[in-house]
>>> print(open('query_10.txt').read())   # compact mmCIF, C-alpha atoms and all ligand atoms
# COMPACT_ATOMS: atom_id res chain seq x y z
CA MET B 1 24.06 -50.93 -190.10
CA SER B 2 22.38 -50.69 -193.49
CA ASP B 3 18.98 -52.27 -193.73
CA ARG B 4 19.99 -53.89 -196.99
CA LEU B 5 21.35 -57.39 -196.43
CA PRO B 6 25.10 -57.66 -197.11
CA MET B 7 25.66 -59.04 -200.59
CA ALA B 8 29.36 -59.97 -200.52
CA GLY B 9 31.56 -61.98 -198.22
CA GLY B 10 29.73 -65.18 -197.59
CA CYS B 11 29.48 -67.94 -195.10
CA CYS B 12 33.23 -68.52 -194.75
CA GLY B 13 34.47 -65.02 -195.42
CA PRO B 14 35.51 -63.21 -198.60
CA GLY B 15 36.92 -65.43 -201.33
CA ALA B 16 36.47 -68.60 -199.33
CA GLU B 17 35.48 -71.88 -200.92
CA CYS B 18 31.96 -71.80 -199.49
CA ALA B 19 31.29 -68.08 -200.16
CA GLU B 20 27.59 -67.48 -199.89
CA PRO B 21 25.92 -66.57 -203.19
CA PRO B 22 24.17 -63.20 -203.32
CA ALA B 23 20.51 -62.91 -202.37
CA ALA B 24 18.04 -60.39 -203.71
CA VAL B 25 16.07 -60.23 -200.47
CA SER B 26 16.41 -57.31 -198.09
CA ARG B 27 16.30 -57.35 -194.32
CA ASP B 28 13.28 -55.01 -194.60
CA GLN B 29 11.42 -57.70 -196.51
CA VAL B 30 12.25 -60.32 -193.88
CA ARG B 31 11.20 -57.94 -191.11
CA ASP B 32 7.89 -57.08 -192.82
CA TYR B 33 7.24 -60.78 -193.31
CA TYR B 34 7.71 -61.50 -189.59
CA ALA B 35 5.87 -58.37 -188.47
CA ALA B 36 2.80 -59.78 -190.26
CA ALA B 37 3.47 -63.21 -188.74
CA ALA B 38 3.57 -61.62 -185.26
CA ARG B 39 0.21 -59.93 -185.79
CA ALA B 40 -1.60 -62.98 -187.22
CA PRO B 41 -0.37 -66.58 -186.82
CA GLN B 42 0.82 -68.09 -190.14
CA GLU B 43 0.16 -71.79 -190.31
CA GLN B 44 2.50 -72.46 -193.23
CA LEU B 45 5.42 -71.27 -191.10
CA CYS B 46 4.83 -73.72 -188.28
CA CYS B 47 7.10 -76.77 -188.51
CA PRO B 48 6.16 -79.81 -186.41
CA THR B 49 8.02 -79.38 -183.11
CA VAL B 50 7.73 -81.60 -180.07
CA HIS B 51 8.42 -80.04 -176.67
CA ASP B 52 8.77 -81.72 -173.31
CA PRO B 53 5.40 -80.76 -171.70
CA ALA B 54 7.23 -79.70 -168.51
CA ASP B 55 9.28 -77.21 -170.57
CA VAL B 56 6.23 -75.34 -171.86
CA ALA B 57 3.64 -75.65 -169.06
CA HIS B 58 4.39 -72.10 -167.84
CA ILE B 59 4.20 -70.54 -171.35
CA PRO B 60 1.01 -68.72 -172.49
CA ALA B 61 -0.90 -70.16 -175.46
CA GLU B 62 -0.40 -66.99 -177.53
CA VAL B 63 3.37 -67.64 -177.56
CA MET B 64 2.83 -71.12 -178.96
CA GLU B 65 0.57 -69.68 -181.71
CA ILE B 66 3.39 -67.56 -183.14
CA SER B 67 6.11 -70.14 -182.58
CA TYR B 68 7.89 -70.49 -185.93
CA GLY B 69 10.84 -72.66 -184.95
CA CYS B 70 11.89 -75.92 -186.61
CA GLY B 71 13.23 -77.74 -183.57
CA SER B 72 13.68 -77.41 -179.85
CA PRO B 73 17.26 -76.22 -179.38
CA MET B 74 16.61 -75.09 -175.82
CA GLY B 75 14.98 -78.37 -174.86
CA LYS B 76 18.03 -80.18 -176.24
CA ALA B 77 20.63 -77.81 -174.78
CA ARG B 78 19.21 -78.07 -171.22
CA PRO B 79 20.76 -74.81 -169.91
CA ARG B 80 22.28 -75.07 -166.43
CA ARG B 81 21.13 -73.22 -163.30
CA GLY B 82 22.63 -69.75 -163.28
CA ASP B 83 23.56 -69.75 -167.00
CA THR B 84 23.38 -66.67 -169.19
CA VAL B 85 21.55 -67.70 -172.35
CA LEU B 86 21.23 -65.77 -175.61
CA ASP B 87 18.53 -66.67 -178.15
CA LEU B 88 18.97 -65.16 -181.61
CA GLY B 89 15.82 -64.30 -183.57
CA SER B 90 13.73 -64.90 -180.48
CA GLY B 91 10.39 -64.11 -182.17
CA GLY B 92 7.47 -64.61 -179.78
CA GLY B 93 9.94 -65.82 -177.14
CA ILE B 94 9.28 -69.54 -176.85
CA ASP B 95 12.90 -70.65 -176.44
CA CYS B 96 13.66 -67.80 -174.02
CA PHE B 97 10.75 -68.88 -171.84
CA ILE B 98 11.89 -72.53 -171.90
CA ALA B 99 15.36 -71.33 -170.89
CA ALA B 100 13.96 -69.26 -168.01
CA ARG B 101 12.70 -72.40 -166.32
CA HIS B 102 16.09 -74.11 -166.63
CA VAL B 103 18.41 -71.25 -165.58
CA GLY B 104 16.32 -70.45 -162.48
CA PRO B 105 16.16 -67.14 -160.61
CA GLY B 106 19.98 -66.80 -160.62
CA GLY B 107 20.27 -67.04 -164.40
CA ARG B 108 19.67 -64.66 -167.25
CA VAL B 109 18.02 -65.00 -170.66
CA ILE B 110 18.40 -62.48 -173.49
CA GLY B 111 16.30 -62.70 -176.65
CA VAL B 112 17.38 -60.64 -179.66
CA ASP B 113 15.13 -59.87 -182.62
CA MET B 114 14.88 -57.08 -185.19
CA THR B 115 11.07 -57.03 -185.54
CA ASP B 116 9.16 -54.60 -183.29
CA ASP B 117 5.89 -56.53 -183.42
CA MET B 118 7.65 -59.72 -182.29
CA LEU B 119 9.50 -57.87 -179.51
CA ALA B 120 6.24 -56.27 -178.27
CA ARG B 121 4.44 -59.60 -178.10
CA ALA B 122 7.40 -61.37 -176.48
CA THR B 123 7.80 -58.62 -173.87
CA ALA B 124 4.09 -58.80 -172.97
CA SER B 125 4.32 -62.61 -172.64
CA ALA B 126 7.45 -62.30 -170.46
CA ARG B 127 5.37 -60.64 -167.74
CA GLN B 128 2.98 -63.61 -167.68
CA VAL B 129 5.88 -66.10 -167.70
CA ALA B 130 7.48 -64.27 -164.75
CA ARG B 131 4.22 -64.50 -162.81
CA ASN B 132 3.94 -68.23 -163.60
CA LEU B 133 7.54 -68.99 -162.60
CA GLY B 134 7.70 -66.61 -159.66
CA TYR B 135 10.81 -64.79 -160.98
CA ALA B 136 11.76 -62.60 -163.94
CA VAL B 137 14.99 -63.42 -165.81
CA VAL B 138 14.06 -62.82 -169.47
CA GLU B 139 14.69 -59.61 -171.39
CA PHE B 140 14.25 -58.88 -175.08
CA ARG B 141 16.60 -56.59 -177.00
CA LYS B 142 16.13 -55.12 -180.44
CA GLY B 143 19.03 -55.98 -182.71
CA PHE B 144 20.38 -57.86 -185.68
CA LEU B 145 21.97 -61.29 -185.80
CA GLU B 146 24.83 -59.65 -187.69
CA ALA B 147 25.52 -57.15 -184.83
CA VAL B 148 24.26 -58.75 -181.63
CA PRO B 149 23.73 -56.26 -178.76
CA VAL B 150 25.61 -58.17 -176.02
CA ALA B 151 29.12 -57.70 -174.60
CA ASP B 152 32.03 -59.97 -175.61
CA GLY B 153 32.47 -63.28 -173.80
CA THR B 154 29.45 -62.94 -171.51
CA VAL B 155 27.19 -65.79 -172.62
CA ASP B 156 27.25 -69.49 -171.63
CA LEU B 157 24.86 -70.76 -174.29
CA VAL B 158 23.66 -69.35 -177.62
CA THR B 159 20.57 -70.84 -179.23
CA SER B 160 18.60 -70.01 -182.32
CA ASN B 161 15.55 -71.64 -183.81
CA CYS B 162 14.96 -71.43 -187.56
CA VAL B 163 16.59 -68.02 -188.02
CA LEU B 164 20.13 -68.32 -189.42
CA ASN B 165 18.77 -69.25 -192.83
CA LEU B 166 17.14 -65.80 -192.99
CA SER B 167 20.48 -63.96 -192.86
CA THR B 168 22.57 -63.48 -196.01
CA ASP B 169 25.73 -62.97 -193.99
CA LYS B 170 25.99 -66.21 -192.09
CA GLY B 171 29.74 -65.72 -191.65
CA ARG B 172 29.13 -62.54 -189.71
CA VAL B 173 26.42 -64.22 -187.63
CA PHE B 174 28.75 -67.06 -186.62
CA GLY B 175 31.41 -64.46 -185.79
CA GLU B 176 28.92 -62.71 -183.49
CA ILE B 177 27.96 -65.98 -181.80
CA HIS B 178 31.64 -66.73 -181.15
CA ARG B 179 32.27 -63.20 -179.84
CA ALA B 180 29.32 -63.34 -177.42
CA LEU B 181 30.22 -66.73 -175.95
CA ARG B 182 32.71 -67.13 -173.11
CA HIS B 183 35.59 -69.59 -173.31
CA GLY B 184 33.97 -73.02 -172.84
CA GLY B 185 30.56 -71.75 -174.05
CA ARG B 186 28.48 -73.52 -176.67
CA PHE B 187 25.80 -73.06 -179.28
CA VAL B 188 22.83 -75.31 -179.98
CA ILE B 189 21.04 -74.16 -183.13
CA SER B 190 18.10 -75.64 -185.02
CA ASP B 191 17.72 -74.58 -188.62
CA ILE B 192 16.35 -75.61 -191.97
CA VAL B 193 19.07 -76.99 -194.26
CA SER B 194 18.90 -77.96 -197.92
CA GLU B 195 20.20 -81.22 -199.36
CA ARG B 196 22.11 -79.23 -202.02
CA PRO B 197 22.82 -75.55 -202.67
CA VAL B 198 19.64 -73.59 -203.43
CA PRO B 199 19.62 -72.24 -207.04
CA GLU B 200 19.74 -68.49 -207.53
CA ALA B 201 16.20 -68.25 -208.95
CA MET B 202 14.87 -69.64 -205.67
CA ARG B 203 17.16 -67.42 -203.62
CA ARG B 204 15.54 -64.41 -205.31
CA ASP B 205 12.05 -65.36 -204.15
CA PRO B 206 11.18 -63.32 -201.02
CA GLU B 207 8.28 -65.62 -200.14
CA LEU B 208 10.48 -68.73 -200.15
CA TRP B 209 13.14 -66.81 -198.25
CA GLY B 210 10.64 -65.73 -195.60
CA GLU B 211 9.44 -69.31 -195.30
CA CYS B 212 12.97 -70.31 -194.17
CA LEU B 213 13.67 -72.26 -197.38
CA SER B 214 15.69 -70.38 -199.99
CA GLY B 215 18.26 -68.93 -197.57
CA ALA B 216 19.06 -72.40 -196.22
CA MET B 217 22.63 -73.72 -196.16
CA THR B 218 23.58 -77.33 -196.67
CA GLU B 219 24.71 -79.18 -193.55
CA ALA B 220 28.31 -79.09 -194.80
CA GLU B 221 28.15 -75.32 -195.40
CA PHE B 222 26.71 -74.79 -191.93
CA ALA B 223 29.49 -76.79 -190.27
CA ARG B 224 32.21 -75.08 -192.34
CA ALA B 225 30.86 -71.62 -191.51
CA ALA B 226 30.86 -72.46 -187.78
CA GLU B 227 34.42 -73.80 -187.97
CA ALA B 228 35.60 -70.77 -189.95
CA ALA B 229 34.37 -68.60 -187.03
CA GLY B 230 36.54 -70.65 -184.63
CA PHE B 231 34.14 -73.26 -183.27
CA HIS B 232 35.27 -76.81 -182.60
CA GLY B 233 33.47 -80.06 -181.94
CA VAL B 234 30.72 -79.16 -184.43
CA THR B 235 28.09 -81.91 -184.57
CA LEU B 236 24.77 -82.20 -186.36
CA ALA B 237 21.64 -84.23 -185.84
CA ARG B 238 19.19 -84.33 -188.75
CA GLU B 239 15.67 -84.47 -187.37
CA TYR B 240 13.06 -84.62 -190.13
CA LEU B 241 12.24 -83.83 -193.75
CA TRP B 242 10.34 -80.53 -193.73
CA GLN B 243 9.46 -79.99 -197.40
CA THR B 244 10.63 -80.78 -200.91
CA VAL B 245 10.48 -77.71 -203.18
CA ASN B 246 11.49 -77.80 -206.85
CA GLY B 247 13.05 -81.20 -206.24
CA ILE B 248 15.24 -79.98 -203.34
CA ALA B 249 14.70 -81.59 -199.95
CA PHE B 250 14.78 -79.30 -196.90
CA TYR B 251 15.43 -80.82 -193.48
CA SER B 252 15.32 -79.65 -189.91
CA THR B 253 18.76 -80.15 -188.32
CA THR B 254 20.14 -79.23 -184.91
CA PHE B 255 23.83 -78.25 -184.70
CA ARG B 256 26.14 -77.91 -181.72
CA GLY B 257 29.53 -76.25 -181.46
CA TYR B 258 31.94 -75.11 -178.73
CA ARG B 259 34.14 -72.11 -178.12
CA PHE B 260 37.51 -73.05 -176.71
CA ASP B 261 40.27 -70.44 -176.46
CA LYS B 262 43.75 -71.90 -176.50
CA GLY B 263 46.11 -70.78 -173.76
CA ALA B 264 49.09 -68.58 -174.55
CA ALA B 265 51.40 -71.59 -174.40
CA CYS B 266 50.73 -75.18 -175.38
CA ASP B 267 52.53 -76.82 -172.44
CA HIS B 268 53.49 -80.46 -172.38
CA ARG B 269 53.28 -81.54 -168.75
CA GLY B 270 52.79 -85.27 -169.20
CA HIS B 271 49.05 -85.44 -170.00
CA ALA B 272 47.87 -88.29 -172.23
CA ALA B 273 44.62 -88.93 -174.09
CA THR B 274 43.35 -92.37 -175.11
CA TYR B 275 40.62 -92.56 -177.73
CA LEU B 276 37.96 -95.13 -176.80
CA GLY B 277 36.08 -95.40 -180.11
CA PRO B 278 33.92 -95.94 -182.10
CA GLY B 279 36.15 -96.55 -185.12
CA ARG B 280 39.88 -97.23 -185.40
CA ALA B 281 41.02 -93.66 -184.92
CA PHE B 282 39.81 -90.10 -184.37
CA THR B 283 41.26 -86.93 -185.90
CA ASP B 284 40.39 -83.74 -184.00
CA ASP B 285 39.81 -80.24 -185.43
CA ASP B 286 43.54 -79.43 -185.05
CA GLY B 287 44.54 -82.48 -187.10
CA HIS B 288 45.80 -84.61 -184.18
CA THR B 289 45.14 -88.30 -184.77
CA PHE B 290 44.35 -90.62 -181.88
CA PRO B 291 44.43 -94.36 -182.71
CA ARG B 292 41.84 -96.18 -180.61
CA GLY B 293 43.22 -97.60 -177.38
CA GLU B 294 46.64 -95.85 -177.57
CA ALA B 295 47.69 -93.25 -175.01
CA VAL B 296 48.89 -90.18 -176.92
CA ALA B 297 50.84 -87.36 -175.25
CA VAL B 298 48.86 -84.10 -175.38
CA CYS B 299 49.49 -80.53 -174.36
CA THR B 300 47.51 -78.89 -171.56
CA ASP B 301 45.09 -77.21 -174.02
CA THR B 302 44.25 -80.43 -175.83
CA ALA B 303 43.85 -82.27 -172.51
CA ASP B 304 41.38 -79.61 -171.31
CA ARG B 305 39.44 -79.67 -174.56
CA LEU B 306 39.15 -83.47 -174.70
CA ARG B 307 37.85 -83.54 -171.13
CA ALA B 308 35.00 -81.18 -172.03
CA GLU B 309 31.89 -81.49 -174.22
CA PRO B 310 31.44 -83.09 -176.74
CA TYR B 311 34.16 -85.66 -175.96
CA PRO B 312 33.25 -87.29 -172.60
CA GLY B 313 32.77 -91.01 -173.15
CA HIS B 314 35.14 -90.97 -176.14
CA PHE B 315 38.44 -90.11 -174.42
CA LEU B 316 40.28 -91.08 -171.28
CA VAL B 317 42.51 -88.15 -170.35
CA THR B 318 45.16 -88.76 -167.71
CA ASP B 319 47.24 -86.33 -165.65
CA PRO B 320 51.05 -86.46 -165.48
CA ASP B 321 50.96 -89.17 -162.81
CA GLY B 322 48.60 -91.36 -164.86
CA MET B 323 49.13 -93.52 -167.92
CA ALA B 324 52.49 -93.19 -169.70
CA PRO B 325 52.09 -91.54 -173.12
CA THR B 326 53.43 -93.35 -176.19
CA GLY B 327 53.30 -90.65 -178.88
CA GLY B 328 52.80 -86.94 -179.38
CA CYS B 329 49.92 -85.02 -180.89
CA CYS B 330 51.22 -81.44 -180.90
C1 LIG J 401 11.21 -68.11 -188.27
S1 LIG J 401 11.04 -66.88 -187.03
C2 LIG J 401 11.59 -67.82 -185.61
C3 LIG J 401 11.21 -67.17 -184.30
C4 LIG J 401 11.56 -67.96 -183.06
N1 LIG J 401 12.94 -68.35 -183.01
C5 LIG J 401 10.66 -69.18 -182.90
O1 LIG J 401 11.19 -70.29 -182.77
O2 LIG J 401 9.44 -69.00 -182.89
C6 LIG J 401 12.44 -65.81 -187.37
C7 LIG J 401 12.62 -64.64 -186.41
O3 LIG J 401 13.92 -64.12 -186.63
C8 LIG J 401 13.87 -62.71 -186.74
N2 LIG J 401 14.98 -62.32 -187.65
C9 LIG J 401 15.16 -62.71 -188.93
N3 LIG J 401 16.30 -62.22 -189.43
C10 LIG J 401 16.86 -61.48 -188.44
C11 LIG J 401 18.07 -60.72 -188.34
N4 LIG J 401 18.91 -60.61 -189.36
N5 LIG J 401 18.34 -60.11 -187.16
C12 LIG J 401 17.47 -60.20 -186.10
N6 LIG J 401 16.31 -60.90 -186.15
C13 LIG J 401 16.01 -61.55 -187.30
C14 LIG J 401 12.49 -62.40 -187.28
O4 LIG J 401 12.07 -61.11 -186.91
C15 LIG J 401 11.65 -63.50 -186.63
O5 LIG J 401 11.12 -63.09 -185.39
>>> encode(input="query_10.txt", output="structure tokens")
Amino acid sequence: MSDRLPMAGGCCGPGAECAEPPAAVSRDQVRDYYAAAARAPQEQLCCPTVHDPADVAHIPAEVMEISYGCGSPMGKARPRRGDTVLDLGSGGGIDCFIAARHVGPGGRVIGVDMTDDMLARATASARQVARNLGYAVVEFRKGFLEAVPVADGTVDLVTSNCVLNLSTDKGRVFGEIHRALRHGGRFVISDIVSERPVPEAMRRDPELWGECLSGAMTEAEFARAAEAAGFHGVTLAREYLWQTVNGIAFYSTTFRGYRFDKGAACDHRGHAATYLGPGRAFTDDDGHTFPRGEAVAVCTDTADRLRAEPYPGHFLVTDPDGMAPTGGCC
């Protein structure tokens, strides 16, 4: 791939409503910025992040010093034992090392980053983490967010911490996340978002770009880009105000989304879904509306999806021998 950041296309694909405006910042500039930040800790890049002490007890201090995330996606995602986890823009490795503790010796953690100095430091720290945990499950690979070096459908959980804003082809990055995840897989991503679109003059400032500000999307743009790549159940949790620059507020937000591949046939076999609230009704990503408290006939795909994250607690899904359906959703 060219080292120049892609200039066309945009967060929802060519010609789409939320096409990303061009940026005058190259991937080389971003890489040089983070190579320097790997060699000498940069205080201005460190957002306030609270970790569960048990999650970081096995992680060397030098990893924490070059931790430039804006949230704790791995702490929130709580990977399962045996999971394969992919962390994009892994930097000094903090989220990979948190994941290693959760997935256990039967799991696997892959960190991807484009910056050699970050990869070298993360790889050195991985040896210490392996000694502290008593097993080695973390590997770091050199690569770009826009062309992730992992096979299709092999990952249970994708995380990223304050990195997506640095790419000027967010649409391609979401496509890569979707490609890497298996059916039923999920992403949990923390990123800096802006309260409104960042003006072009700011987008041209490499310093502001490197500081994770001027490449930021709005929350709505982020969610639309994820949905355009095929994700469903996209949810966001705004965490804190990071900075206000030129009158624009920048927040730390953590997003979740799920990959769900529909079956070849949408079979109606007598399943029903009852929405439990809150609110009078819920409309899902396929446009099916579920009035609260009414059993609605659903196909096998919709039944499977509503049984899985993020819907438990909001739906009662019954098998053919259960509650009699009153309407149809698809
Ligand atoms: C703000 S730092 C965050 C590092 C890490 N996630 C953390 O929480 O400490 C951004 C990292 O993403 C990497 N990065 C930025 N753009 C990238 C791209 N397009 N492809 C791969 N890595 C990228 C940088 O090299 C840097 O290590």
>>> atom_distance(input="query_10.txt", atom1="CA of Ala36 in chain B", atom2="CA of Thr49 in chain B")
21.5 Å
>>> residues_around(input="query_10.txt", residues="range 266-280 of chain B", least_positions_apart="4", cutoff="8 Å", atoms="only C-alpha atoms", output="PyMOL selection string")
chain B and resi 262+290-301+303+306+313-325
>>> residues_near_ligand(input="query_10.txt", ligand="ligand LIG 401 (chain J)", cutoff="6 Å", atoms="only C-alpha atoms and all ligand atoms", output="PyMOL selection string")
chain B and resi 31+34+67-69+89-92+113-115+118+143-145+160-163+166-167
>>> closest_residue(input="query_10.txt", among="B:Met64, B:Gly263, B:Val158, B:Gly75", to="Val109 in chain B", atoms="only C-alpha atoms")
B:Val158
>>> residues_around(input="query_10.txt", residues="Trp209 in chain B", least_positions_apart="4", cutoff="12 Å", atoms="only C-alpha atoms", output="ChimeraX atom specification")
/B:23-27,29-31,33-34,45,162-168,192,198,200-205,213-217
>>> closest_residue(input="query_10.txt", among="B:Ile177, B:Val63, B:Val148, B:Val137", to="Ala99 in chain B", atoms="only C-alpha atoms")
B:Val137
>>> atom_distance(input="query_10.txt", atom1="CA of Asp284 in chain B", atom2="CA of Phe174 in chain B")
20.5 Å
>>> closest_residue(input="query_10.txt", among="B:Thr218, B:Gln128, B:Thr283, B:Ser190", to="Ala237 in chain B", atoms="all atoms listed in the file")
B:Ser190
